[in-house]
>>> print(open('upload-v1.txt').read())   # compact mmCIF, C-alpha atoms
# COMPACT_ATOMS: atom_id res chain seq x y z
CA MET A 1331 9.49 -28.84 55.72
CA GLY A 1332 11.26 -26.00 57.52
CA ILE A 1333 14.33 -26.37 59.73
CA ALA A 1334 12.33 -25.77 62.91
CA GLU A 1335 9.75 -28.40 61.97
CA ARG A 1336 12.46 -30.92 61.07
CA LYS A 1337 14.24 -30.34 64.37
CA GLU A 1338 11.00 -30.74 66.29
CA ARG A 1339 10.24 -34.01 64.50
CA GLU A 1340 13.76 -35.27 65.20
CA LYS A 1341 13.36 -34.32 68.86
CA GLU A 1342 10.07 -36.21 69.07
CA GLN A 1343 11.64 -39.24 67.39
CA ARG A 1344 14.53 -39.17 69.86
CA ARG A 1345 12.05 -38.96 72.71
CA ASN A 1346 10.14 -42.01 71.40
CA ASP A 1347 13.40 -43.90 70.94
CA ILE A 1348 14.24 -43.23 74.58
CA ILE A 1349 10.82 -44.49 75.70
CA ASP A 1350 11.34 -47.62 73.56
CA ALA A 1351 14.66 -48.19 75.31
CA ALA A 1352 13.09 -47.59 78.73
CA GLU A 1353 10.38 -50.13 77.96
CA LYS A 1354 12.96 -52.80 77.16
CA ILE A 1355 14.78 -52.19 80.43
CA PHE A 1356 11.64 -51.86 82.56
CA PHE A 1357 10.09 -54.98 81.05
CA SER A 1358 13.21 -57.13 81.29
CA LYS A 1359 14.63 -56.00 84.65
CA GLY A 1360 11.57 -54.63 86.42
CA THR A 1361 10.87 -50.99 87.20
CA GLU A 1362 12.50 -51.12 90.62
CA ASN A 1363 15.76 -52.58 89.33
CA ALA A 1364 16.05 -50.50 86.16
CA THR A 1365 18.50 -47.61 86.15
CA MET A 1366 18.92 -44.51 84.03
CA ASP A 1367 22.43 -45.68 83.15
CA GLU A 1368 21.01 -48.87 81.61
CA ILE A 1369 18.35 -46.92 79.73
CA ALA A 1370 20.95 -44.51 78.34
CA LEU A 1371 23.07 -47.47 77.22
CA GLU A 1372 20.09 -49.15 75.55
CA ALA A 1373 19.17 -45.88 73.79
CA GLU A 1374 22.81 -45.40 72.73
CA LEU A 1375 22.89 -41.96 74.35
CA SER A 1376 25.00 -40.28 76.95
CA LYS A 1377 23.37 -39.99 80.34
CA GLY A 1378 23.48 -36.21 79.97
CA THR A 1379 21.51 -36.34 76.74
CA LEU A 1380 18.98 -38.69 78.34
CA TYR A 1381 18.37 -36.19 81.15
CA LEU A 1382 17.69 -33.45 78.60
CA TYR A 1383 14.55 -35.39 77.64
CA PHE A 1384 13.57 -37.03 80.93
CA LYS A 1385 14.62 -35.69 84.31
CA SER A 1386 14.13 -38.98 86.18
CA LYS A 1387 13.20 -42.63 85.96
CA GLU A 1388 9.82 -41.57 87.33
CA GLU A 1389 9.12 -39.42 84.27
CA LEU A 1390 10.10 -42.29 81.97
CA LEU A 1391 7.78 -44.64 83.81
CA PHE A 1392 4.94 -42.16 83.33
CA ALA A 1393 5.74 -42.04 79.61
CA VAL A 1394 5.50 -45.83 79.38
CA ASN A 1395 2.34 -45.73 81.48
CA LEU A 1396 0.86 -43.21 79.05
CA ARG A 1397 1.43 -45.68 76.23
CA ALA A 1398 -0.29 -48.37 78.28
CA THR A 1399 -3.33 -46.20 78.98
CA ARG A 1400 -3.62 -45.31 75.29
CA ILE A 1401 -3.74 -48.99 74.38
CA LEU A 1402 -6.23 -49.81 77.11
CA LYS A 1403 -8.47 -46.85 76.23
CA SER A 1404 -8.46 -47.99 72.59
CA LEU A 1405 -9.47 -51.50 73.63
CA PHE A 1406 -12.30 -50.06 75.71
CA GLU A 1407 -13.55 -47.91 72.84
CA ASN A 1408 -13.50 -50.82 70.39
CA ALA A 1409 -15.34 -53.04 72.86
CA VAL A 1410 -18.50 -50.95 73.14
CA SER A 1411 -21.37 -50.85 70.69
CA PRO A 1412 -23.90 -48.01 70.31
CA GLY A 1413 -26.65 -50.58 69.82
CA LYS A 1414 -26.19 -52.13 73.27
CA LYS A 1415 -27.35 -51.04 76.68
CA ALA A 1416 -24.57 -49.60 78.81
CA VAL A 1417 -24.69 -52.51 81.25
CA GLU A 1418 -23.86 -54.88 78.37
CA ASN A 1419 -21.07 -52.57 77.21
CA LEU A 1420 -19.66 -52.62 80.74
CA LEU A 1421 -19.23 -56.38 80.48
CA GLU A 1422 -17.45 -55.94 77.15
CA ILE A 1423 -15.17 -53.34 78.75
CA GLY A 1424 -14.39 -55.87 81.48
CA ARG A 1425 -13.49 -58.47 78.85
CA ALA A 1426 -11.32 -55.90 77.08
CA TYR A 1427 -9.43 -55.32 80.33
CA VAL A 1428 -8.87 -59.07 80.62
CA ARG A 1429 -7.59 -59.13 77.05
CA PHE A 1430 -5.25 -56.23 77.83
CA SER A 1431 -3.79 -58.08 80.82
CA ARG A 1432 -3.07 -61.09 78.63
CA GLU A 1433 -1.99 -59.58 75.32
CA TYR A 1434 -0.12 -56.61 76.81
CA HIS A 1435 1.10 -58.20 80.00
CA ASP A 1436 4.14 -55.95 80.42
CA TYR A 1437 2.02 -52.82 80.06
CA PHE A 1438 -0.46 -54.32 82.51
CA LYS A 1439 2.34 -54.78 85.05
CA THR A 1440 3.37 -51.16 84.46
CA LEU A 1441 -0.15 -50.00 85.31
CA LEU A 1442 -0.12 -52.10 88.47
CA HIS A 1443 3.21 -50.63 89.53
CA PHE A 1444 2.00 -47.12 88.70
CA GLU A 1445 -1.10 -47.52 90.86
CA GLY A 1446 0.44 -49.41 93.74
CA ASN A 1447 3.69 -47.55 94.41
CA GLU A 1448 3.45 -44.34 96.41
CA ASN A 1449 6.87 -43.30 95.07
CA PHE A 1450 5.31 -42.94 91.63
CA LEU A 1451 2.26 -40.90 92.49
CA PRO A 1452 1.41 -38.68 89.49
CA LYS A 1453 2.74 -35.16 89.48
CA GLU A 1454 -0.01 -32.66 88.68
CA ASP A 1455 1.34 -31.76 85.25
CA LEU A 1456 1.79 -35.37 84.17
CA HIS A 1457 -1.67 -36.38 85.36
CA LYS A 1458 -3.08 -33.35 83.57
CA LYS A 1459 -1.37 -34.52 80.37
CA ILE A 1460 -3.08 -37.92 80.63
CA CYS A 1461 -6.48 -36.30 81.10
CA GLU A 1462 -5.96 -33.67 78.39
CA GLU A 1463 -5.08 -36.36 75.86
CA CYS A 1464 -8.31 -38.17 76.81
CA VAL A 1465 -6.45 -41.40 77.43
CA ASP A 1466 -7.68 -42.03 80.95
CA PRO A 1467 -9.60 -45.37 80.86
CA MET A 1468 -11.23 -44.51 84.17
CA ILE A 1469 -12.95 -41.48 82.65
CA PHE A 1470 -14.23 -43.66 79.82
CA LEU A 1471 -15.56 -46.13 82.39
CA MET A 1472 -17.32 -43.37 84.32
CA ASP A 1473 -18.91 -42.01 81.14
CA THR A 1474 -20.22 -45.48 80.27
CA LEU A 1475 -21.73 -45.80 83.74
CA ARG A 1476 -23.38 -42.39 83.40
CA THR A 1477 -24.85 -43.54 80.09
CA GLY A 1478 -26.19 -46.60 81.88
CA VAL A 1479 -27.90 -44.45 84.48
CA LYS A 1480 -29.55 -42.48 81.68
CA ASP A 1481 -30.66 -45.52 79.67
CA GLY A 1482 -32.02 -47.20 82.81
CA SER A 1483 -29.77 -50.26 82.73
CA ILE A 1484 -27.49 -49.41 85.67
CA ARG A 1485 -28.40 -48.77 89.29
CA THR A 1486 -28.63 -45.14 90.37
CA ASP A 1487 -27.98 -45.40 94.12
CA ILE A 1488 -24.17 -45.47 93.79
CA PRO A 1489 -22.41 -42.47 92.17
CA PRO A 1490 -20.71 -43.44 88.89
CA GLU A 1491 -17.40 -42.10 90.20
CA ILE A 1492 -17.44 -44.50 93.17
CA LEU A 1493 -18.80 -47.37 91.12
CA ALA A 1494 -16.13 -46.94 88.44
CA HIS A 1495 -13.28 -47.09 90.96
CA CYS A 1496 -14.85 -50.10 92.70
CA LEU A 1497 -15.20 -51.98 89.41
CA TRP A 1498 -11.66 -51.08 88.37
CA SER A 1499 -10.17 -52.17 91.69
CA GLN A 1500 -12.19 -55.37 91.87
CA THR A 1501 -11.34 -56.41 88.33
CA THR A 1502 -7.67 -55.57 88.79
CA GLY A 1503 -7.66 -57.69 91.94
CA ILE A 1504 -9.25 -60.62 90.09
CA LEU A 1505 -6.67 -60.36 87.29
CA LYS A 1506 -3.86 -60.37 89.85
CA LEU A 1507 -5.46 -63.45 91.44
CA THR A 1508 -5.53 -65.32 88.13
CA LYS A 1509 -1.80 -64.67 87.69
CA ALA A 1510 -1.16 -66.35 91.05
CA ILE A 1511 -3.71 -69.15 90.77
CA ASP A 1512 -1.05 -71.84 91.35
CA PHE A 1513 -0.50 -70.50 94.87
CA HIS A 1514 -4.13 -71.18 95.81
CA THR A 1515 -4.61 -74.93 96.10
CA ASP A 1516 -8.37 -74.59 96.50
CA LEU A 1517 -8.56 -72.99 93.05
CA LYS A 1518 -6.55 -75.65 91.21
CA PRO A 1519 -9.67 -77.35 89.79
CA PHE A 1520 -10.66 -74.07 88.13
CA SER A 1521 -9.26 -72.17 85.14
CA GLU A 1522 -8.53 -68.46 84.83
CA ASP A 1523 -11.65 -68.12 82.68
CA ASP A 1524 -13.77 -69.77 85.38
CA ILE A 1525 -12.68 -67.13 87.87
CA ILE A 1526 -13.00 -64.22 85.45
CA ASN A 1527 -16.45 -65.30 84.22
CA ALA A 1528 -17.65 -65.66 87.82
CA HIS A 1529 -16.38 -62.15 88.55
CA LEU A 1530 -18.12 -60.67 85.50
CA GLU A 1531 -21.34 -62.45 86.48
CA ILE A 1532 -21.14 -60.90 89.95
CA VAL A 1533 -20.39 -57.48 88.44
CA TYR A 1534 -23.31 -57.71 86.02
CA HIS A 1535 -25.87 -58.48 88.71
CA GLY A 1536 -24.26 -56.03 91.12
CA ILE A 1537 -24.60 -53.00 88.82
CA LEU A 1538 -27.86 -53.97 87.12
CA LYS A 1539 -30.76 -51.69 87.95
CA ASN A 1540 -33.61 -53.55 89.64
CA ASN A 1541 -36.85 -52.93 87.81
>>> encode(input="upload-v1.txt", output="structure tokens")
Amino acid sequence: MGIAERKEREKEQRRNDIIDAAEKIFFSKGTENATMDEIALEAELSKGTLYLYFKSKEELLFAVNLRATRILKSLFENAVSPGKKAVENLLEIGRAYVRFSREYHDYFKTLLHFEGNENFLPKEDLHKKICEECVDPMIFLMDTLRTGVKDGSIRTDIPPEILAHCLWSQTTGILKLTKAIDFHTDLKPFSEDDIINAHLEIVYHGILKNN
């Protein structure tokens, strides 16, 4: 390995170490309360060195969000089967999203913060990076819907782009509801799975093409 290659690998390792440190701070203190000083301390770096790699807390949050989207995209890909109709695969994608929210709860919260905070709207170059690396779960969802239109299992009167965003938003809302189920006294007799299964049942019949 040449000197240039070794330096580049060391730089990439340092960058990943910083993201690891940022994750610990974001996940333990919350993204709003976390500071670059705390991240530098966790990474055992000077603040100046930290800013050589990431210019702001916003950029670090995007880096953590990119990790989250990679995990979610992988779960989506592993959930689908070529032997199934797209409408069935959509249900499996929905279940994979539920699994992500439970098994990777901190990453799930990062996605929620990323989507719901106007102060962290994606800069063009960062959003382009997500798309170029093909880690955008929304694109995967749209492609699955387009496949469903072609195989005749999914309704054709709603554009896949609109349908994908509706399904994403609805499912995200349901997952947020299940995390706050104790605040809804009328839902106390029901479990999280009861609510999620009802939602998936509604989704299935809502996107199914009527023959």
>>> axis_aligned_box(input="upload-v1.txt", around="stretch 1420-1437 of chain A", padding_each_side="3 Å", output="AutoDock Vina command-line options")
--center_x -7.8 --center_y -56.9 --center_z 78.4 --size_x 29.8 --size_y 14.5 --size_z 12.2
>>> residues_around(input="upload-v1.txt", residues="A:Leu1441", least_positions_apart="3", cutoff="12 Å", atoms="all atoms listed in the file", output="MDAnalysis selection string")
chainID A and resid 1361 1391:1402 1427 1430:1431 1434:1438 1444:1447 1450:1451 1466:1467 1498 1502 1506
>>> write_last_selection(input="upload-v1.txt", atoms="C-alpha atoms", output="PDB file, keeping the file's coordinate frame")
ATOM      1  CA  THR A1361      10.870 -50.990  87.200  1.00  0.00           C
ATOM      2  CA  LEU A1391       7.780 -44.640  83.810  1.00  0.00           C
ATOM      3  CA  PHE A1392       4.940 -42.160  83.330  1.00  0.00           C
ATOM      4  CA  ALA A1393       5.740 -42.040  79.610  1.00  0.00           C
ATOM      5  CA  VAL A1394       5.500 -45.830  79.380  1.00  0.00           C
ATOM      6  CA  ASN A1395       2.340 -45.730  81.480  1.00  0.00           C
ATOM      7  CA  LEU A1396       0.860 -43.210  79.050  1.00  0.00           C
ATOM      8  CA  ARG A1397       1.430 -45.680  76.230  1.00  0.00           C
ATOM      9  CA  ALA A1398      -0.290 -48.370  78.280  1.00  0.00           C
ATOM     10  CA  THR A1399      -3.330 -46.200  78.980  1.00  0.00           C
ATOM     11  CA  ARG A1400      -3.620 -45.310  75.290  1.00  0.00           C
ATOM     12  CA  ILE A1401      -3.740 -48.990  74.380  1.00  0.00           C
ATOM     13  CA  LEU A1402      -6.230 -49.810  77.110  1.00  0.00           C
ATOM     14  CA  TYR A1427      -9.430 -55.320  80.330  1.00  0.00           C
ATOM     15  CA  PHE A1430      -5.250 -56.230  77.830  1.00  0.00           C
ATOM     16  CA  SER A1431      -3.790 -58.080  80.820  1.00  0.00           C
ATOM     17  CA  TYR A1434      -0.120 -56.610  76.810  1.00  0.00           C
ATOM     18  CA  HIS A1435       1.100 -58.200  80.000  1.00  0.00           C
ATOM     19  CA  ASP A1436       4.140 -55.950  80.420  1.00  0.00           C
ATOM     20  CA  TYR A1437       2.020 -52.820  80.060  1.00  0.00           C
ATOM     21  CA  PHE A1438      -0.460 -54.320  82.510  1.00  0.00           C
ATOM     22  CA  PHE A1444       2.000 -47.120  88.700  1.00  0.00           C
ATOM     23  CA  GLU A1445      -1.100 -47.520  90.860  1.00  0.00           C
ATOM     24  CA  GLY A1446       0.440 -49.410  93.740  1.00  0.00           C
ATOM     25  CA  ASN A1447       3.690 -47.550  94.410  1.00  0.00           C
ATOM     26  CA  PHE A1450       5.310 -42.940  91.630  1.00  0.00           C
ATOM     27  CA  LEU A1451       2.260 -40.900  92.490  1.00  0.00           C
ATOM     28  CA  ASP A1466      -7.680 -42.030  80.950  1.00  0.00           C
ATOM     29  CA  PRO A1467      -9.600 -45.370  80.860  1.00  0.00           C
ATOM     30  CA  TRP A1498     -11.660 -51.080  88.370  1.00  0.00           C
ATOM     31  CA  THR A1502      -7.670 -55.570  88.790  1.00  0.00           C
ATOM     32  CA  LYS A1506      -3.860 -60.370  89.850  1.00  0.00           C
TER      33      LYS A1506
END
>>> atom_distance(input="upload-v1.txt", atom1="atom CA of A:Lys1354", atom2="atom CA of A:Ile1504")
26.9 Å
>>> atom_distance(input="upload-v1.txt", atom1="atom CA of A:Ala1334", atom2="atom CA of A:Ser1386")
26.8 Å
>>> atom_distance(input="upload-v1.txt", atom1="atom CA of A:Glu1407", atom2="atom CA of A:Val1428")
14.4 Å
>>> residues_around(input="upload-v1.txt", residues="A:Ile1484", least_positions_apart="4", cutoff="6 Å", atoms="all atoms listed in the file", output="PyMOL selection string")
chain A and resi 1478-1479+1537-1539
>>> closest_residue(input="upload-v1.txt", among="A:Ser1404, A:Ser1483, A:Ser1358, A:Asn1363", to="A:Asn1540", atoms="all atoms listed in the file")
A:Ser1483
>>> closest_residue(input="upload-v1.txt", among="A:Ala1409, A:Leu1420, A:Ile1369, A:Leu1471", to="A:Glu1491", atoms="all atoms listed in the file")
A:Leu1471
>>> residues_near_point(input="upload-v1.txt", point="(-11.9, -58.1, 85.6)", cutoff="12 Å", atoms="all atoms listed in the file", output="ChimeraX atom specification")
/A:1420-1432,1496-1508,1522-1534
>>> write_last_selection(input="upload-v1.txt", atoms="C-alpha atoms", output="mmCIF file, in the coordinates of the input")
data_model
loop_
_atom_site.group_PDB
_atom_site.id
_atom_site.type_symbol
_atom_site.label_atom_id
_atom_site.label_comp_id
_atom_site.auth_asym_id
_atom_site.auth_seq_id
_atom_site.Cartn_x
_atom_site.Cartn_y
_atom_site.Cartn_z
ATOM 1 C CA LEU A 1420 -19.660 -52.620 80.740
ATOM 2 C CA LEU A 1421 -19.230 -56.380 80.480
ATOM 3 C CA GLU A 1422 -17.450 -55.940 77.150
ATOM 4 C CA ILE A 1423 -15.170 -53.340 78.750
ATOM 5 C CA GLY A 1424 -14.390 -55.870 81.480
ATOM 6 C CA ARG A 1425 -13.490 -58.470 78.850
ATOM 7 C CA ALA A 1426 -11.320 -55.900 77.080
ATOM 8 C CA TYR A 1427 -9.430 -55.320 80.330
ATOM 9 C CA VAL A 1428 -8.870 -59.070 80.620
ATOM 10 C CA ARG A 1429 -7.590 -59.130 77.050
ATOM 11 C CA PHE A 1430 -5.250 -56.230 77.830
ATOM 12 C CA SER A 1431 -3.790 -58.080 80.820
ATOM 13 C CA ARG A 1432 -3.070 -61.090 78.630
ATOM 14 C CA CYS A 1496 -14.850 -50.100 92.700
ATOM 15 C CA LEU A 1497 -15.200 -51.980 89.410
ATOM 16 C CA TRP A 1498 -11.660 -51.080 88.370
ATOM 17 C CA SER A 1499 -10.170 -52.170 91.690
ATOM 18 C CA GLN A 1500 -12.190 -55.370 91.870
ATOM 19 C CA THR A 1501 -11.340 -56.410 88.330
ATOM 20 C CA THR A 1502 -7.670 -55.570 88.790
ATOM 21 C CA GLY A 1503 -7.660 -57.690 91.940
ATOM 22 C CA ILE A 1504 -9.250 -60.620 90.090
ATOM 23 C CA LEU A 1505 -6.670 -60.360 87.290
ATOM 24 C CA LYS A 1506 -3.860 -60.370 89.850
ATOM 25 C CA LEU A 1507 -5.460 -63.450 91.440
ATOM 26 C CA THR A 1508 -5.530 -65.320 88.130
ATOM 27 C CA GLU A 1522 -8.530 -68.460 84.830
ATOM 28 C CA ASP A 1523 -11.650 -68.120 82.680
ATOM 29 C CA ASP A 1524 -13.770 -69.770 85.380
ATOM 30 C CA ILE A 1525 -12.680 -67.130 87.870
ATOM 31 C CA ILE A 1526 -13.000 -64.220 85.450
ATOM 32 C CA ASN A 1527 -16.450 -65.300 84.220
ATOM 33 C CA ALA A 1528 -17.650 -65.660 87.820
ATOM 34 C CA HIS A 1529 -16.380 -62.150 88.550
ATOM 35 C CA LEU A 1530 -18.120 -60.670 85.500
ATOM 36 C CA GLU A 1531 -21.340 -62.450 86.480
ATOM 37 C CA ILE A 1532 -21.140 -60.900 89.950
ATOM 38 C CA VAL A 1533 -20.390 -57.480 88.440
ATOM 39 C CA TYR A 1534 -23.310 -57.710 86.020
#
>>> closest_residue(input="upload-v1.txt", among="A:Ile1348, A:Ile1469, A:Ile1488, A:Leu1405", to="A:Tyr1381", atoms="all atoms listed in the file")
A:Ile1348
